[in-house]
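Shown next, in structure tokens, is the structure this report addresses.
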Amino acid sequence: MNDRKKEHIIDITGNNPDKKFIVIGGIHGNEPNGIDAINNVLSQLDKSIFDANKGTIYFLKGNIDALKKNERFIDKDLNRLWLDEYIFNQNSPIADVKSLQVLYDIIHNDICQGNYDNCYLLDLHTFSAESGIFCIPAGNDKSLEFARSFGVPFIEKLSDTLPGTVLSYFGDKGMTAVVFEGGTHSTEEAVENLTAGLWHSLAYAGLIDSKLPQVQKSQKKLIEISEKYPHHLELIYRHKLEDWHHFKMNKGYYNFKPVDKSEYLACQDKEKITSPASGFMLMPLYQKKGSDGFFIVKEK
């Protein structure tokens with residue numbers, strides 16, 4: 001194994017290739033809390049909790065160079081580069097493609113070996129807004145059921161509108177894949193939520209006993225946090241940003257805050273941006289880098 005691969009692999013636990021569970025933290029370099037959650041779980045995942053014969057868990061780091069700088073990305077968002085034109089371009093000048101190609105090699109060649117039926121993927125994220133946790137399933141039925149199992153809000157159709165995500169790339173190949181958004185960047189609350197989501201996920205996949213105290217406590221926590229939010233939602237609008245846009249979200253927006261049609265939400269290139277429909281706000285952008293200003297979702 002080369003040194004670059006070793007940088008991406010936090011740990012490999014288990015030895016049964018019949019069931020493979022992949023966890024990624026830090027696809028965005030300013031979201032290290034996913035790695036913190038992985039380390040929390042690893043510190044307790046001993047032989048009394050995990051039977052190595054049940055499967056294999058792969059704990060991975062995402063954008064190595066961006067994590068070192070605590071930046072979302074270096075040149076381009078790694079979670080928009082999961083397209084063949086970048087994966088197989090050995091001469092790309094984009095710095096983030098380096099992590100992309102190594103991660104692809106690890107997941108496709110080393111772990112799944114082209115067979116995704118027995119593979120799970122959990123992609124851990126945080127956001128720049130305040131409040132709210134939620135899941136985004138890949139566009140297949142197995143992923144939808146995985147997302148539903150968390151007991152937190154989950155949003156359909158979002159993965160279909162975001163080309164180039166690790167979620168959509170492997171989900172389209174049949175992998176059971178979910179993004180779990182655990183809270184606001186660099187907060188202890190987000191680490192705790194992501195840790196809870198990871199414990200639940202390992203139990204859902206049958207890798208650990210669902211009656212373990214860590215799992216029971218985590219599932220209770222996720223449900224309690226989500227009681228006040230709508231649960232089954234679907235995307236109705238994505239406000240896409242280009243590199244040249246000057247975008248500033250108005251203050252006071254957070255995940256699942258109700259918005260009205262034509263409500264003034266943001267300023268972009270000195271023009272007012274209003275909501276195209278009534279619904280709920282999702283992931284308003286309050287950081288310098290990002291490919292999306294906000295999303296509008298509605299209850300399904």
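Letters A, B, ... mark the chains of the structure tokens in the order given; residue numbers begin at 1 per chain; ligand numbers begin at 1, in order shown.
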
Practice task
Determine, counting only C-alpha atoms, which protein, DNA and RNA residues have an atom within 10 Å of an atom of Leu67 in chain A; residues of the same chain fewer than 2 positions away are not included. Present the result as number ranges by chain.
Solution key: A: 26-32, 61-65, 69-74

Problem - Spatial neighbours of range 203-211 of chain A, max dist 10 Å, only C-alpha atoms, sep filter under 2 positions, as a count of residues only - result: 31

Can you check which parts of range 135-234 of chain A lie within 6 Å of range 82-97 of chain A? Per residue, the shortest pair of atoms and distance in Å to one decimal, counting only C-alpha atoms, sorted by chain and number, as a Markdown table.
```
| residue | atom | partner | partner_atom | distance |
| --- | --- | --- | --- | --- |
| A:Gly164 | CA | A:Trp82 | CA | 4.1 |
| A:Thr165 | CA | A:Trp82 | CA | 5.4 |
| A:Val166 | CA | A:Trp82 | CA | 5.8 |
```

Selection above as a file: N, CA and C atoms, as a CSV table (one decimal), in the first residue's frame:
```csv
chain,number,residue,atom,x,y,z
A,164,GLY,N,-21.8,14.6,-9.1
A,164,GLY,CA,-20.4,14.6,-8.7
A,164,GLY,C,-20.2,14.4,-7.2
A,165,THR,N,-21.2,14.0,-6.5
A,165,THR,CA,-21.0,13.6,-5.0
A,165,THR,C,-20.7,12.1,-4.9
A,166,VAL,N,-19.9,11.8,-3.9
A,166,VAL,CA,-19.6,10.4,-3.6
A,166,VAL,C,-20.9,9.6,-3.4
```

Practice task
Point out the residue among A:His231, A:Lys261, A:Lys248, A:Arg238 with the least atom-to-atom distance to Gly132 in chain A, counting only C-alpha atoms.
Solution key: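 Closest to Gly132 in chain A of all the choices is A:His231.
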
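Residue nearest Gly183 in chain A within the list A:Leu162, A:Leu103, A:Ala196, A:Ile111: A:Ala196 [criterion: smallest interatomic distance, only C-alpha atoms].
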
Practice task
Considering only C-alpha atoms, return as a ChimeraX atom specification whatever protein or nucleic-acid residues lie within 9 Å of range 185-192 of chain A, sequence-local ones (same chain, fewer than 6 positions apart) excluded.
Solution key: /A:30-37,40,125-130,133,218

Print the selection's residues with N, CA and C atoms to a file, as a PDB file, in the first residue's frame.
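Output contents, as saved in selection.pdb:
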```pdb
ATOM      1  N   ASN A  30     -13.055  21.522   5.898  1.00  0.00           N
ATOM      2  CA  ASN A  30     -13.460  22.299   7.071  1.00  0.00           C
ATOM      3  C   ASN A  30     -14.507  21.555   7.905  1.00  0.00           C
ATOM      4  N   GLU A  31     -14.623  20.230   7.679  1.00  0.00           N
ATOM      5  CA  GLU A  31     -15.584  19.424   8.421  1.00  0.00           C
ATOM      6  C   GLU A  31     -14.883  18.219   9.070  1.00  0.00           C
ATOM      7  N   PRO A  32     -13.940  18.484   9.981  1.00  0.00           N
ATOM      8  CA  PRO A  32     -13.201  17.384  10.611  1.00  0.00           C
ATOM      9  C   PRO A  32     -13.998  16.637  11.672  1.00  0.00           C
ATOM     10  N   ASN A  33     -15.189  17.136  12.020  1.00  0.00           N
ATOM     11  CA  ASN A  33     -15.963  16.493  13.083  1.00  0.00           C
ATOM     12  C   ASN A  33     -16.339  15.058  12.748  1.00  0.00           C
ATOM     13  N   GLY A  34     -16.447  14.741  11.463  1.00  0.00           N
ATOM     14  CA  GLY A  34     -16.717  13.366  11.074  1.00  0.00           C
ATOM     15  C   GLY A  34     -15.583  12.438  11.484  1.00  0.00           C
ATOM     16  N   ILE A  35     -14.359  12.927  11.387  1.00  0.00           N
ATOM     17  CA  ILE A  35     -13.196  12.140  11.806  1.00  0.00           C
ATOM     18  C   ILE A  35     -13.172  12.002  13.327  1.00  0.00           C
ATOM     19  N   ASP A  36     -13.576  13.076  14.024  1.00  0.00           N
ATOM     20  CA  ASP A  36     -13.678  13.001  15.480  1.00  0.00           C
ATOM     21  C   ASP A  36     -14.674  11.917  15.896  1.00  0.00           C
ATOM     22  N   ALA A  37     -15.798  11.848  15.193  1.00  0.00           N
ATOM     23  CA  ALA A  37     -16.817  10.839  15.503  1.00  0.00           C
ATOM     24  C   ALA A  37     -16.286   9.430  15.241  1.00  0.00           C
ATOM     25  N   ASN A  40     -14.118   8.488  18.062  1.00  0.00           N
ATOM     26  CA  ASN A  40     -14.926   8.179  19.244  1.00  0.00           C
ATOM     27  C   ASN A  40     -15.390   6.728  19.216  1.00  0.00           C
ATOM     28  N   HIS A 125     -21.013  14.568   7.533  1.00  0.00           N
ATOM     29  CA  HIS A 125     -20.870  15.989   7.206  1.00  0.00           C
ATOM     30  C   HIS A 125     -21.370  16.874   8.334  1.00  0.00           C
ATOM     31  N   THR A 126     -20.935  18.152   8.281  1.00  0.00           N
ATOM     32  CA  THR A 126     -21.517  19.212   9.100  1.00  0.00           C
ATOM     33  C   THR A 126     -21.840  20.377   8.168  1.00  0.00           C
ATOM     34  N   PHE A 127     -22.481  21.418   8.711  1.00  0.00           N
ATOM     35  CA  PHE A 127     -22.903  22.544   7.865  1.00  0.00           C
ATOM     36  C   PHE A 127     -22.631  23.871   8.558  1.00  0.00           C
ATOM     37  N   SER A 128     -22.745  24.975   7.805  1.00  0.00           N
ATOM     38  CA  SER A 128     -22.413  26.301   8.333  1.00  0.00           C
ATOM     39  C   SER A 128     -23.586  26.973   9.023  1.00  0.00           C
ATOM     40  N   ALA A 129     -24.783  26.461   8.846  1.00  0.00           N
ATOM     41  CA  ALA A 129     -25.968  27.036   9.490  1.00  0.00           C
ATOM     42  C   ALA A 129     -26.089  26.527  10.918  1.00  0.00           C
ATOM     43  N   GLU A 130     -27.073  27.056  11.640  1.00  0.00           N
ATOM     44  CA  GLU A 130     -27.345  26.583  12.987  1.00  0.00           C
ATOM     45  C   GLU A 130     -28.573  25.674  12.959  1.00  0.00           C
ATOM     46  N   ILE A 133     -30.506  18.319  12.159  1.00  0.00           N
ATOM     47  CA  ILE A 133     -29.728  17.200  11.627  1.00  0.00           C
ATOM     48  C   ILE A 133     -30.604  16.486  10.610  1.00  0.00           C
ATOM     49  N   SER A 218     -27.726   6.236  21.455  1.00  0.00           N
ATOM     50  CA  SER A 218     -27.598   7.023  20.222  1.00  0.00           C
ATOM     51  C   SER A 218     -28.929   7.154  19.499  1.00  0.00           C
TER      52      SER A 218
END
```

Exercise for the section: Run DSSP on the backbone and give me the residues of range 145-212 of chain A it puts in strand (DSSP E or B), as a PyMOL selection string. Expected result: chain A and resi 154-156+176-184

Saved selection, atoms kept: C-alpha atoms, as a compact mmCIF listing (two decimals), in the first residue's frame:
```txt
# COMPACT_ATOMS: atom_id res chain seq x y z
CA PHE A 154 -34.42 12.72 5.41
CA ILE A 155 -34.62 14.43 2.04
CA GLU A 156 -35.42 12.66 -1.20
CA THR A 176 -26.53 1.43 0.02
CA ALA A 177 -25.36 4.99 0.67
CA VAL A 178 -26.40 7.84 2.96
CA VAL A 179 -25.05 11.27 3.87
CA PHE A 180 -25.58 12.14 7.53
CA GLU A 181 -25.45 15.87 8.34
CA GLY A 182 -24.79 16.05 12.07
CA GLY A 183 -24.78 19.73 13.01
CA THR A 184 -22.88 23.01 12.85
```

Practice task
Select, from A:Tyr58, A:Phe256, A:Phe280, A:Tyr169, the residue with the minimum atom-to-atom distance to Ile24 in chain A, counting only C-alpha atoms.
Solution key: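 Smallest separation from Ile24 in chain A among the options: A:Tyr58.
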
Handout entry: Atomic separation - CA of Ile22 in chain A relative to CA of Pro137 in chain A, Å
Key =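 About the pair CA of Pro137 in chain A and CA of Ile22 in chain A: they are 14.9 Å apart.
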
Problem - alpha helix (DSSP H) positions in range 85-161 of chain A, given as a PyMOL selection string - result: chain A and resi 85-87+97-104+141-148

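Atom pair CA of Glu227 in chain A / CA of Lys251 in chain A has a distance of 24.7 Å (rounded to one decimal).
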
Handout entry: Pro276 in chain A surroundings by only C-alpha atoms, 9 Å radius, close-in-sequence under 6 positions cut, as a PyMOL selection string
Key = chain A and resi 237+260-263+296

Problem - Counting only C-alpha atoms, the option among A:Trp244, A:Tyr104, A:Tyr116, A:Phe59 closest to Asp18 in chain A - result: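 Comparing A:Trp244, A:Tyr104, A:Tyr116, A:Phe59 against Asp18 in chain A, the winner is A:Tyr116.
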